[in-house]
$ cat coords-v5.cif   # mmCIF, C-alpha atoms
data_start
#
loop_
_atom_site.label_atom_id
_atom_site.label_comp_id
_atom_site.auth_asym_id
_atom_site.auth_seq_id
_atom_site.Cartn_x
_atom_site.Cartn_y
_atom_site.Cartn_z
CA MET Z 1 47.53 -29.78 -84.19
CA GLU Z 2 49.19 -30.44 -80.83
CA ASN Z 3 52.87 -29.76 -80.31
CA GLU Z 4 55.58 -32.22 -79.29
CA ASN Z 5 54.97 -31.68 -75.56
CA ASN Z 6 51.26 -32.50 -75.94
CA GLU Z 7 50.30 -29.08 -74.59
CA ASN Z 8 46.76 -28.10 -75.42
CA TYR Z 9 47.47 -25.72 -78.27
CA GLY Z 10 48.81 -25.79 -81.80
CA THR Z 11 51.68 -23.88 -83.40
CA VAL Z 12 52.30 -21.96 -86.59
CA ARG Z 13 55.93 -22.15 -87.73
CA ILE Z 14 57.45 -19.15 -89.50
CA LEU Z 15 60.91 -18.25 -90.80
CA VAL Z 16 62.18 -14.90 -89.53
CA PRO Z 17 64.97 -13.13 -91.51
CA THR Z 18 67.66 -11.90 -89.17
CA GLU Z 19 71.38 -11.36 -88.77
CA ILE Z 20 73.97 -13.18 -86.64
CA SER Z 21 77.59 -12.35 -85.88
CA VAL Z 22 79.89 -15.13 -86.99
CA PRO Z 23 83.39 -15.12 -85.43
CA TYR Z 24 86.36 -15.82 -87.70
CA LEU Z 25 90.15 -15.52 -87.84
CA PRO Z 26 91.58 -13.55 -90.81
CA THR Z 27 94.31 -16.22 -91.15
CA LYS Z 28 95.15 -19.50 -89.46
CA ASN Z 29 97.90 -17.79 -87.46
CA SER Z 30 95.68 -14.94 -86.20
CA ARG Z 31 94.78 -14.83 -82.52
CA LYS Z 32 92.19 -12.08 -82.28
CA GLU Z 33 88.70 -12.95 -83.54
CA ARG Z 34 86.83 -10.74 -85.96
CA PHE Z 35 83.12 -10.81 -86.73
CA LEU Z 36 81.26 -11.27 -89.96
CA ASN Z 37 77.54 -10.44 -89.99
CA GLU Z 38 75.60 -13.12 -91.82
CA ASN Z 39 71.99 -12.98 -92.99
CA VAL Z 40 70.03 -16.06 -91.96
CA GLU Z 41 66.45 -17.22 -91.43
CA VAL Z 42 65.49 -18.48 -87.97
CA SER Z 43 62.62 -20.89 -87.46
CA VAL Z 44 60.21 -19.96 -84.63
CA ASP Z 45 56.82 -21.24 -83.50
CA ILE Z 46 53.81 -19.00 -82.96
CA LYS Z 47 51.31 -20.53 -80.55
CA SER Z 48 47.75 -21.04 -81.68
CA PRO Z 49 45.55 -21.75 -78.64
CA TYR Z 50 42.20 -23.50 -78.66
CA ALA Z 51 39.10 -21.56 -77.58
CA ASN Z 52 38.93 -23.35 -74.20
CA ASP Z 53 42.47 -22.21 -73.41
CA PHE Z 54 41.90 -18.65 -74.64
CA PRO Z 55 38.92 -17.26 -72.70
CA VAL Z 56 37.74 -13.64 -72.82
CA ALA Z 57 38.95 -11.95 -69.61
CA PHE Z 58 37.82 -8.37 -70.36
CA GLU Z 59 35.71 -6.46 -72.84
CA VAL Z 60 37.09 -2.95 -73.25
CA THR Z 61 34.96 -0.20 -74.77
CA ASP Z 62 37.12 2.78 -75.62
CA TYR Z 63 37.41 5.56 -78.18
CA GLY Z 64 39.49 4.90 -81.28
CA ASP Z 65 40.11 6.29 -84.74
CA PHE Z 66 38.83 3.64 -87.18
CA VAL Z 67 37.99 3.40 -90.88
CA ASP Z 68 35.48 0.70 -91.75
CA GLY Z 69 36.69 -2.11 -94.02
CA MET Z 70 39.71 -0.37 -95.58
CA THR Z 71 42.91 -2.27 -96.35
CA ARG Z 72 46.37 -0.74 -96.20
CA ASN Z 73 46.71 -0.88 -100.00
CA GLU Z 74 43.40 0.93 -100.47
CA TYR Z 75 44.50 3.66 -98.06
CA GLU Z 76 47.80 4.16 -99.87
CA ASN Z 77 46.11 4.41 -103.25
CA ILE Z 78 43.46 7.03 -102.39
CA SER Z 79 44.03 10.72 -103.13
CA ASP Z 80 45.79 13.01 -100.70
CA GLU Z 81 42.58 14.98 -100.14
CA ASP Z 82 40.61 11.83 -99.22
CA ARG Z 83 43.43 10.76 -96.95
CA LYS Z 84 43.33 14.09 -95.12
CA GLN Z 85 39.59 13.73 -94.59
CA LEU Z 86 40.05 10.25 -93.11
CA ASN Z 87 42.77 11.51 -90.78
CA LYS Z 88 40.42 14.24 -89.48
CA GLN Z 89 37.56 11.94 -88.56
CA ASP Z 90 36.32 11.89 -84.97
CA PHE Z 91 36.91 9.19 -82.40
CA ARG Z 92 34.17 6.63 -81.93
CA LEU Z 93 33.54 3.98 -79.31
CA ASN Z 94 34.78 0.51 -80.14
CA THR Z 95 34.54 -2.66 -78.05
CA GLU Z 96 37.47 -5.08 -78.08
CA GLU Z 97 37.98 -8.49 -76.51
CA VAL Z 98 40.94 -9.08 -74.22
CA ARG Z 99 41.71 -12.80 -73.93
CA LEU Z 100 43.83 -14.69 -71.42
CA PHE Z 101 46.45 -17.32 -72.32
CA ASN Z 102 49.17 -18.74 -70.05
CA GLY Z 103 48.77 -15.82 -67.64
CA ARG Z 104 49.09 -13.17 -70.37
CA LEU Z 105 46.48 -10.87 -71.89
CA TYR Z 106 46.07 -10.50 -75.66
CA THR Z 107 44.09 -8.19 -77.95
CA PRO Z 108 43.54 -8.56 -81.73
CA VAL Z 109 45.77 -6.44 -83.97
CA HIS Z 110 44.01 -3.99 -86.27
CA VAL Z 111 45.45 -3.11 -89.66
CA ASN Z 112 47.24 0.19 -89.08
CA LEU Z 113 46.68 2.73 -91.84
CA HIS Z 114 48.61 5.74 -90.58
CA GLY Z 115 49.71 6.78 -87.07
CA SER Z 116 46.73 6.29 -84.74
CA LEU Z 117 44.35 5.67 -87.66
CA ASN Z 118 43.38 2.00 -87.86
CA SER Z 119 41.15 -0.05 -90.08
CA SER Z 120 38.24 -2.00 -88.63
CA LEU Z 121 39.92 -5.01 -90.29
CA TYR Z 122 42.39 -7.22 -88.42
CA GLU Z 123 45.80 -8.58 -89.32
CA GLU Z 124 45.23 -12.14 -90.49
CA SER Z 125 48.61 -13.33 -91.77
CA PRO Z 126 51.65 -14.61 -89.80
CA ASP Z 127 53.66 -12.42 -92.21
CA PHE Z 128 52.77 -9.48 -89.93
CA ILE Z 129 54.49 -11.28 -87.02
CA ARG Z 130 57.38 -12.29 -89.25
CA SER Z 131 57.97 -8.70 -90.35
CA ASN Z 132 57.82 -7.29 -86.80
CA LEU Z 133 60.16 -9.91 -85.34
CA SER Z 134 62.60 -9.43 -88.21
CA PHE Z 135 62.60 -5.63 -87.83
CA SER Z 136 63.23 -5.71 -84.06
CA ASN Z 137 65.88 -8.45 -84.18
CA PHE Z 138 67.72 -7.91 -87.44
CA HIS Z 139 70.92 -6.26 -86.29
CA SER Z 140 73.47 -8.57 -84.67
CA GLY Z 141 74.73 -5.92 -82.28
CA LYS Z 142 78.39 -6.31 -83.23
CA ILE Z 143 80.45 -4.32 -85.71
CA SER Z 144 81.35 -6.34 -88.77
CA ASN Z 145 85.02 -6.69 -89.80
CA ALA Z 146 84.10 -8.26 -93.14
CA VAL Z 147 86.76 -6.24 -95.00
CA GLU Z 148 89.39 -8.54 -93.47
CA PHE Z 149 87.54 -11.71 -94.46
CA ASP Z 150 89.12 -13.78 -97.23
CA LYS Z 151 87.29 -16.91 -98.37
CA GLU Z 152 90.59 -18.73 -99.04
CA LYS Z 153 92.59 -17.65 -95.98
CA SER Z 154 90.07 -16.84 -93.24
CA VAL Z 155 88.83 -19.50 -90.80
CA ILE Z 156 85.20 -19.53 -89.67
CA GLN Z 157 84.75 -20.44 -85.99
CA GLU Z 158 81.92 -22.95 -86.33
CA ASP Z 159 81.35 -23.29 -82.58
CA GLY Z 160 80.92 -19.54 -82.31
CA ARG Z 161 78.59 -19.54 -85.30
CA LEU Z 162 76.36 -22.22 -83.79
CA LYS Z 163 76.32 -20.36 -80.46
CA ALA Z 164 75.30 -17.09 -82.16
CA TRP Z 165 72.59 -18.97 -84.09
CA ALA Z 166 71.21 -20.56 -80.90
CA GLU Z 167 71.24 -17.26 -78.96
CA LYS Z 168 69.44 -15.38 -81.74
CA THR Z 169 66.89 -18.19 -82.15
CA ALA Z 170 66.16 -18.19 -78.39
CA LYS Z 171 65.78 -14.40 -78.36
CA ILE Z 172 63.37 -14.31 -81.31
CA GLN Z 173 61.39 -17.24 -79.92
CA LYS Z 174 61.02 -15.35 -76.62
CA ASP Z 175 59.92 -12.21 -78.48
CA ALA Z 176 57.45 -14.34 -80.45
CA GLU Z 177 55.54 -15.01 -77.21
CA ARG Z 178 54.07 -11.53 -77.70
CA TYR Z 179 51.90 -12.97 -80.46
CA VAL Z 180 49.38 -15.79 -80.87
CA MET Z 181 47.18 -16.81 -83.79
CA PHE Z 182 43.49 -17.35 -83.02
CA GLY Z 183 40.31 -17.24 -85.08
CA GLY Z 184 42.29 -16.40 -88.23
CA MET Z 185 43.68 -13.22 -86.59
CA VAL Z 186 46.93 -12.06 -85.03
CA TRP Z 187 46.70 -11.31 -81.29
CA GLU Z 188 49.36 -9.32 -79.46
CA ASN Z 189 50.25 -9.34 -75.76
CA ARG Z 190 48.75 -6.32 -74.00
CA GLY Z 191 48.90 -5.02 -70.46
CA GLU Z 192 45.99 -5.04 -68.04
CA PRO Z 193 43.40 -2.27 -68.60
CA TYR Z 194 42.61 0.16 -65.77
CA TYR Z 195 40.94 3.56 -65.34
CA ARG Z 196 42.52 6.97 -64.79
CA ILE Z 197 40.65 10.18 -63.95
CA GLU Z 198 42.00 13.40 -65.44
CA THR Z 199 40.93 17.05 -65.50
CA PHE Z 200 41.81 19.66 -68.09
CA GLY Z 201 42.13 23.41 -67.86
CA LEU Z 202 39.33 25.28 -66.14
CA SER Z 203 36.70 22.62 -66.79
CA PRO Z 204 35.49 21.18 -63.47
CA GLU Z 205 34.16 18.00 -65.08
CA PRO Z 206 36.53 15.03 -64.80
CA PHE Z 207 37.38 12.78 -67.75
CA VAL Z 208 38.06 9.05 -67.58
CA PHE Z 209 40.72 7.33 -69.70
CA ILE Z 210 41.58 3.66 -70.06
CA GLU Z 211 45.26 2.91 -69.76
CA TRP Z 212 47.13 -0.37 -70.18
CA CYS Z 213 49.55 -1.56 -67.54
CA ARG Z 214 52.29 -3.51 -69.31
CA ASP Z 215 54.04 -4.78 -66.17
CA THR Z 216 51.37 -5.09 -63.48
CA ASP Z 217 53.68 -6.55 -60.83
CA LYS Z 218 56.14 -3.66 -61.03
CA LEU Z 219 53.43 -1.00 -60.98
CA ASN Z 220 51.65 -2.58 -58.00
CA GLY Z 221 52.65 -0.96 -54.72
CA LYS Z 222 53.75 2.27 -56.41
CA ASP Z 223 52.29 5.64 -55.51
CA LEU Z 224 49.55 5.68 -58.14
CA GLY Z 225 47.54 8.40 -56.48
CA SER Z 226 43.83 8.34 -55.78
CA ARG Z 227 42.80 8.79 -59.43
CA CYS Z 228 43.82 5.35 -60.74
CA PHE Z 229 41.30 2.51 -60.43
CA SER Z 230 41.47 -1.15 -61.38
CA ALA Z 231 38.80 -2.64 -63.63
CA ALA Z 232 37.16 -4.19 -60.56
CA HIS Z 233 36.60 -0.84 -58.83
CA VAL Z 234 33.98 0.84 -61.02
CA LYS Z 235 31.92 1.84 -57.97
CA GLU Z 236 34.91 3.55 -56.36
CA LEU Z 237 35.65 5.24 -59.69
CA ASN Z 238 32.12 6.65 -59.93
CA ASP Z 239 32.17 7.76 -56.27
CA GLU Z 240 35.40 9.68 -56.89
CA MET Z 241 33.99 11.31 -60.03
CA ARG Z 242 30.82 12.43 -58.19
CA LYS Z 243 32.97 13.81 -55.41
CA MET Z 244 34.95 15.85 -57.96
CA TYR Z 245 31.91 16.85 -60.02
CA PRO Z 246 28.44 16.03 -58.55
CA GLY Z 247 26.67 16.40 -61.90
CA THR Z 248 28.75 13.81 -63.75
CA LYS Z 249 26.97 10.93 -65.46
CA GLY Z 250 29.87 8.49 -65.28
CA PRO Z 251 32.41 7.49 -67.93
CA ASP Z 252 31.61 6.45 -71.51
CA ARG Z 253 34.68 4.26 -71.50
CA ASN Z 254 34.15 0.91 -69.84
CA ILE Z 255 36.05 -2.21 -68.84
CA LYS Z 256 33.81 -5.24 -68.42
CA VAL Z 257 35.43 -7.89 -66.22
CA LEU Z 258 34.54 -11.44 -67.26
CA ILE Z 259 37.28 -13.26 -65.32
CA PRO Z 260 37.76 -11.59 -61.90
CA GLU Z 261 40.99 -13.54 -61.31
CA ALA Z 262 42.54 -11.73 -64.29
CA VAL Z 263 42.43 -8.42 -62.36
CA ARG Z 264 45.90 -8.20 -60.82
CA PHE Z 265 46.33 -4.42 -60.91
CA LYS Z 266 46.39 -2.94 -57.40
CA ASP Z 267 45.17 0.63 -57.25
CA PHE Z 268 45.07 3.21 -54.48
CA THR Z 269 41.92 1.62 -53.02
CA ASP Z 270 43.58 -1.80 -52.79
CA LEU Z 271 46.67 -0.37 -51.13
CA VAL Z 272 44.60 1.46 -48.51
CA ARG Z 273 42.55 -1.66 -47.78
CA GLU Z 274 45.66 -3.83 -47.48
CA GLU Z 275 47.22 -1.30 -45.12
CA GLU Z 276 44.03 -1.27 -43.03
CA LYS Z 277 43.90 -5.08 -43.02
CA GLU Z 278 47.54 -5.29 -41.93
CA LYS Z 279 46.94 -2.71 -39.20
CA ASN Z 280 43.90 -4.60 -37.96
CA ALA Z 281 45.92 -7.81 -37.90
CA GLN Z 282 48.50 -6.05 -35.72
CA PHE Z 283 45.68 -4.75 -33.51
CA VAL Z 284 44.27 -8.24 -33.03
CA THR Z 285 47.72 -9.63 -32.22
CA ILE Z 286 48.25 -7.03 -29.50
CA VAL Z 287 44.69 -7.52 -28.21
CA GLU Z 288 45.22 -11.27 -27.94
CA LYS Z 289 48.59 -10.75 -26.26
CA ASN Z 290 47.07 -8.51 -23.60
CA SER Z 291 43.88 -10.50 -23.11
CA ASP Z 292 44.61 -13.07 -20.46
CA PRO Z 293 41.46 -15.23 -19.99
CA ALA Z 294 42.49 -16.00 -16.43
CA ALA Z 295 42.85 -12.35 -15.51
CA GLY Z 296 39.14 -11.66 -15.31
CA THR Z 297 35.70 -12.89 -16.20
CA PHE Z 298 32.70 -11.50 -18.04
CA ASN Z 299 30.15 -12.34 -15.37
CA THR Z 300 29.37 -8.73 -14.43
CA PRO Z 301 29.44 -5.35 -16.18
CA ALA Z 302 32.34 -4.29 -13.91
CA SER Z 303 34.40 -7.37 -14.83
CA CYS Z 304 33.80 -6.67 -18.53
CA ALA Z 305 34.95 -3.08 -18.03
CA GLY Z 306 38.05 -4.29 -16.18
CA ARG Z 307 38.91 -6.69 -18.99
CA PHE Z 308 38.34 -3.96 -21.55
CA GLU Z 309 40.57 -1.48 -19.69
CA ARG Z 310 43.42 -3.96 -19.24
CA THR Z 311 43.39 -4.72 -22.96
CA MET Z 312 43.28 -1.02 -23.84
CA ARG Z 313 46.29 -0.24 -21.64
CA GLY Z 314 48.36 -3.02 -23.14
CA PHE Z 315 47.49 -1.89 -26.62
CA LEU Z 316 48.24 1.79 -25.98
CA LEU Z 317 51.68 0.87 -24.71
CA GLU Z 318 52.66 -1.36 -27.64
CA SER Z 319 50.88 0.13 -30.65
CA LYS Z 320 51.91 3.14 -32.68
CA SER Z 321 48.27 4.13 -32.94
CA LYS Z 322 46.99 6.00 -29.88
CA ASN Z 323 43.46 6.53 -31.21
CA PRO Z 324 41.27 5.00 -28.46
CA TYR Z 325 38.25 4.72 -30.76
CA ASP Z 326 40.16 2.62 -33.33
CA ILE Z 327 41.56 0.45 -30.57
CA ALA Z 328 38.16 -0.04 -28.92
CA ARG Z 329 36.62 -0.94 -32.27
CA VAL Z 330 39.17 -3.68 -32.85
CA ILE Z 331 38.95 -5.03 -29.29
CA LEU Z 332 35.17 -5.23 -29.38
CA SER Z 333 35.24 -6.94 -32.80
CA THR Z 334 36.61 -10.01 -30.96
CA TRP Z 335 33.89 -9.98 -28.27
CA GLU Z 336 30.64 -11.87 -28.27
CA PRO Z 337 27.37 -9.84 -28.31
CA GLU Z 338 26.41 -10.60 -24.69
CA LYS Z 339 29.80 -9.40 -23.46
CA LYS Z 340 29.42 -6.17 -25.41
CA ASP Z 341 25.98 -5.70 -23.82
CA LYS Z 342 27.47 -5.96 -20.33
CA LEU Z 343 30.14 -3.39 -21.20
CA ASN Z 344 27.43 -1.03 -22.49
CA GLU Z 345 25.54 -1.60 -19.27
CA TYR Z 346 28.62 -0.55 -17.30
CA PHE Z 347 28.94 2.66 -19.34
CA LYS Z 348 25.28 3.48 -18.73
CA GLU Z 349 25.73 2.98 -14.97
CA LYS Z 350 28.66 5.42 -15.04
CA GLY Z 351 26.84 7.93 -17.23
CA ILE Z 352 29.22 7.51 -20.16
CA CYS Z 353 26.60 7.97 -22.85
CA SER Z 354 27.93 10.80 -25.04
CA LYS Z 355 30.99 11.60 -27.10
CA GLU Z 356 32.13 14.17 -24.54
CA ALA Z 357 31.72 11.69 -21.68
CA LEU Z 358 33.60 9.03 -23.63
CA ASP Z 359 36.46 11.46 -24.38
CA LYS Z 360 36.65 12.27 -20.66
CA TYR Z 361 36.65 8.56 -19.80
CA PHE Z 362 39.54 7.84 -22.19
CA THR Z 363 41.50 10.80 -20.83
CA GLU Z 364 40.99 10.04 -17.14
CA THR Z 365 41.35 6.26 -17.42
CA PHE Z 366 44.15 5.93 -19.95
CA GLY Z 367 45.74 9.38 -20.18
CA VAL Z 368 44.81 9.78 -23.86
CA ARG Z 369 44.36 13.29 -25.17
CA LYS Z 370 43.53 14.65 -28.61
CA ILE Z 371 45.82 17.22 -30.21
CA GLY Z 372 44.49 18.47 -33.53
CA LEU Z 373 43.58 15.37 -35.52
CA ARG Z 374 45.80 12.92 -33.67
CA TYR Z 375 45.84 11.29 -30.26
CA GLU Z 376 48.72 10.85 -27.84
CA LEU Z 377 49.33 9.64 -24.33
CA LYS Z 378 49.90 12.22 -21.62
CA LYS Z 379 53.48 12.35 -20.56
CA ALA Z 380 54.21 11.26 -17.04
CA GLY Z 381 55.21 13.90 -14.50
CA PRO Z 382 58.85 14.75 -13.81
CA GLU Z 383 60.75 11.82 -12.44
CA VAL Z 384 61.80 12.18 -8.80
CA LYS Z 385 65.49 11.61 -8.46
CA ARG Z 386 66.53 10.04 -5.22
CA GLU Z 387 70.12 10.21 -4.13
CA VAL Z 388 71.30 7.96 -1.35
CA LYS Z 389 74.44 9.29 0.28
CA SER Z 390 76.55 6.53 1.72
CA ARG Z 391 78.44 7.07 4.93
CA ARG Z 392 82.16 6.78 4.70
CA ILE Z 393 83.82 5.10 7.64
CA VAL Z 394 87.54 5.59 8.15
CA TYR Z 395 89.26 2.98 10.25
CA GLU Z 396 92.45 3.84 12.03
CA ARG Z 397 95.13 1.37 12.95
CA GLY Z 398 95.05 0.11 16.42
CA ARG Z 399 91.35 0.59 16.85
#
$ encode --input "coords-v5.cif" --output "structure tokens"
Amino acid sequence: MENENNENYGTVRILVPTEISVPYLPTKNSRKERFLNENVEVSVDIKSPYANDFPVAFEVTDYGDFVDGMTRNEYENISDEDRKQLNKQDFRLNTEEVRLFNGRLYTPVHVNLHGSLNSSLYEESPDFIRSNLSFSNFHSGKISNAVEFDKEKSVIQEDGRLKAWAEKTAKIQKDAERYVMFGGMVWENRGEPYYRIETFGLSPEPFVFIEWCRDTDKLNGKDLGSRCFSAAHVKELNDEMRKMYPGTKGPDRNIKVLIPEAVRFKDFTDLVREEEKEKNAQFVTIVEKNSDPAAGTFNTPASCAGRFERTMRGFLLESKSKNPYDIARVILSTWEPEKKDKLNEYFKEKGICSKEALDKYFTETFGVRKIGLRYELKKAGPEVKREVKSRRIVYERGR
């Protein structure tokens, strides 16, 4: 069914046992409020989306500890020896759907048997949600002074009671957004899946794990290191693994992306690319600022070289980067092919056809020199100080 706001999903209403703090006065003449904790049931709605509003965003294949078809009651009633054997079983690969609803990701909830041991069955009843919400929201948070409460003398503050009821209802309803009901199963909000490469001990072979980012926006921009990869960067993940261990066959774990827009996790690769894009944007801005169309033409190879050198000088003065090769690459990315050909023709005329000749050209023309792995501009010579001594003229009276 549709809800009152005609949004395209249904709801499942449940009653959640909880506790609220009711303010009261021990007597009519009392001034200081006390609190009485009262057990109540709060009504909340669990959303039940339609299939069109709940598409599969990822398919995650990961290792898990599962028992086929066993309920929680069956697990509790087996012998201790059988239970130990189940707890010792090996991990196996399992593929799970991750669906998208209202900007959040959800995975189905398996029946938990013990610790990390799950059943291949799923939670099907809203009672699972009811129990979890009740457990996490039961305590009111205030110390009860019920020993001072007298049914005949004490006065309940109804306004305070209604306020406490409304606050607790709003809190549980917000917590209930972690869950949805779909396909007869309980689905719980989950973070975005991404890869992490790890190594152990003396083994040179890297291992890949799938982790879940609960708050993607907060984690984005952090120093994740070069071993975290979003679900969209499988190629970069494999390249890094081969770099660490050439004989690797790639990870068994896998995140299949079905909705590319659902990938919001920014990894090290994204951050580097954004930094490069921002730097290139700054390069282009400086290039455009120092490229005056009226200052020269592209009719001859010499005029192209003059235009190129003027742009280079302006850039070297204003940019933090002094790498002439990076600067030249950005400048020439804005030129048309025929203009680049004329510049190449100029370099051939001058014999600038090798890396050594190009280094010499950059040094002699722009004063750029390489020190270690970085470039810098040569410092100008010592400044000549000129002192102009003024003549002092003394006038005497009468002259």
$ residues_around --input "coords-v5.cif" --residues "Ala146 (chain Z)" --least-positions-apart "3" --cutoff "8 Å" --atoms "only C-alpha atoms" --output "PyMOL selection string"
chain Z and resi 35-37+149
$ residues_around --input "coords-v5.cif" --residues "Glu38 (chain Z)" --least-positions-apart "3" --cutoff "10 Å" --atoms "only C-alpha atoms" --output "JSON, numbers by chain"
{"Z": [18, 19, 20, 21, 22, 35, 139, 140, 144, 146, 161]}
$ closest_residue --input "coords-v5.cif" --among "Z:Leu15, Z:Glu345, Z:Val67, Z:Gly191" --to "Ser131 (chain Z)" --atoms "all atoms listed in the file"
Z:Leu15
$ residues_around --input "coords-v5.cif" --residues "region 73-85 of chain Z" --least-positions-apart "2" --cutoff "12 Å" --atoms "all atoms listed in the file" --output "list in words"
Val67, Asp68, Gly69, Met70, Thr71, Asn87, Lys88, Gln89, Asp90, Val111, Asn112, Leu113, His114, Leu117, Asn118 and Ser119 of chain Z
$ closest_residue --input "coords-v5.cif" --among "Z:Ala302, Z:Ala57, Z:Ala231, Z:Leu121" --to "Met185 (chain Z)" --atoms "all atoms listed in the file"
Z:Leu121
$ atom_distance --input "coords-v5.cif" --atom1 "CA of Gln157 (chain Z)" --atom2 "CA of Leu133 (chain Z)"
26.8 Å
$ residues_around --input "coords-v5.cif" --residues "Lys151 (chain Z)" --least-positions-apart "3" --cutoff "12 Å" --atoms "all atoms listed in the file" --output "count of residues only"
11
$ atom_distance --input "coords-v5.cif" --atom1 "CA of Asp53 (chain Z)" --atom2 "CA of Arg190 (chain Z)"
17.1 Å
$ closest_residue --input "coords-v5.cif" --among "Z:Ala262, Z:Ala170, Z:Cys304, Z:Leu271" --to "Lys342 (chain Z)" --atoms "all atoms listed in the file"
Z:Cys304
$ closest_residue --input "coords-v5.cif" --among "Z:Glu356, Z:Asp150, Z:Glu124, Z:Glu240" --to "Arg196 (chain Z)" --atoms "all atoms listed in the file"
Z:Glu240
$ atom_distance --input "coords-v5.cif" --atom1 "CA of Val180 (chain Z)" --atom2 "CA of Asn52 (chain Z)"
14.5 Å
$ resolve_selection --input "coords-v5.cif" --expression "the PyMOL selection byres ((chain Z and resi 319-321) around 10)" --output "PyMOL selection string"
chain Z and resi 279+282-283+286+314-318+322-324+326-327+374-376
$ closest_atom_pairs --input "coords-v5.cif" --of "region 44-123 of chain Z" --to "region 181-184 of chain Z" --cutoff "7 Å" --atoms "all atoms listed in the file" --output "Markdown table"
| residue | atom | partner | partner_atom | distance |
| --- | --- | --- | --- | --- |
| Z:Lys47 | CA | Z:Met181 | CA | 6.4 |
| Z:Ser48 | CA | Z:Met181 | CA | 4.8 |
| Z:Pro49 | CA | Z:Phe182 | CA | 6.5 |
$ write_last_selection --input "coords-v5.cif" --atoms "C-alpha atoms" --output "CSV table (one decimal), in the frame of the given file"
chain,number,residue,atom,x,y,z
Z,47,LYS,CA,51.3,-20.5,-80.6
Z,48,SER,CA,47.8,-21.0,-81.7
Z,49,PRO,CA,45.6,-21.8,-78.6
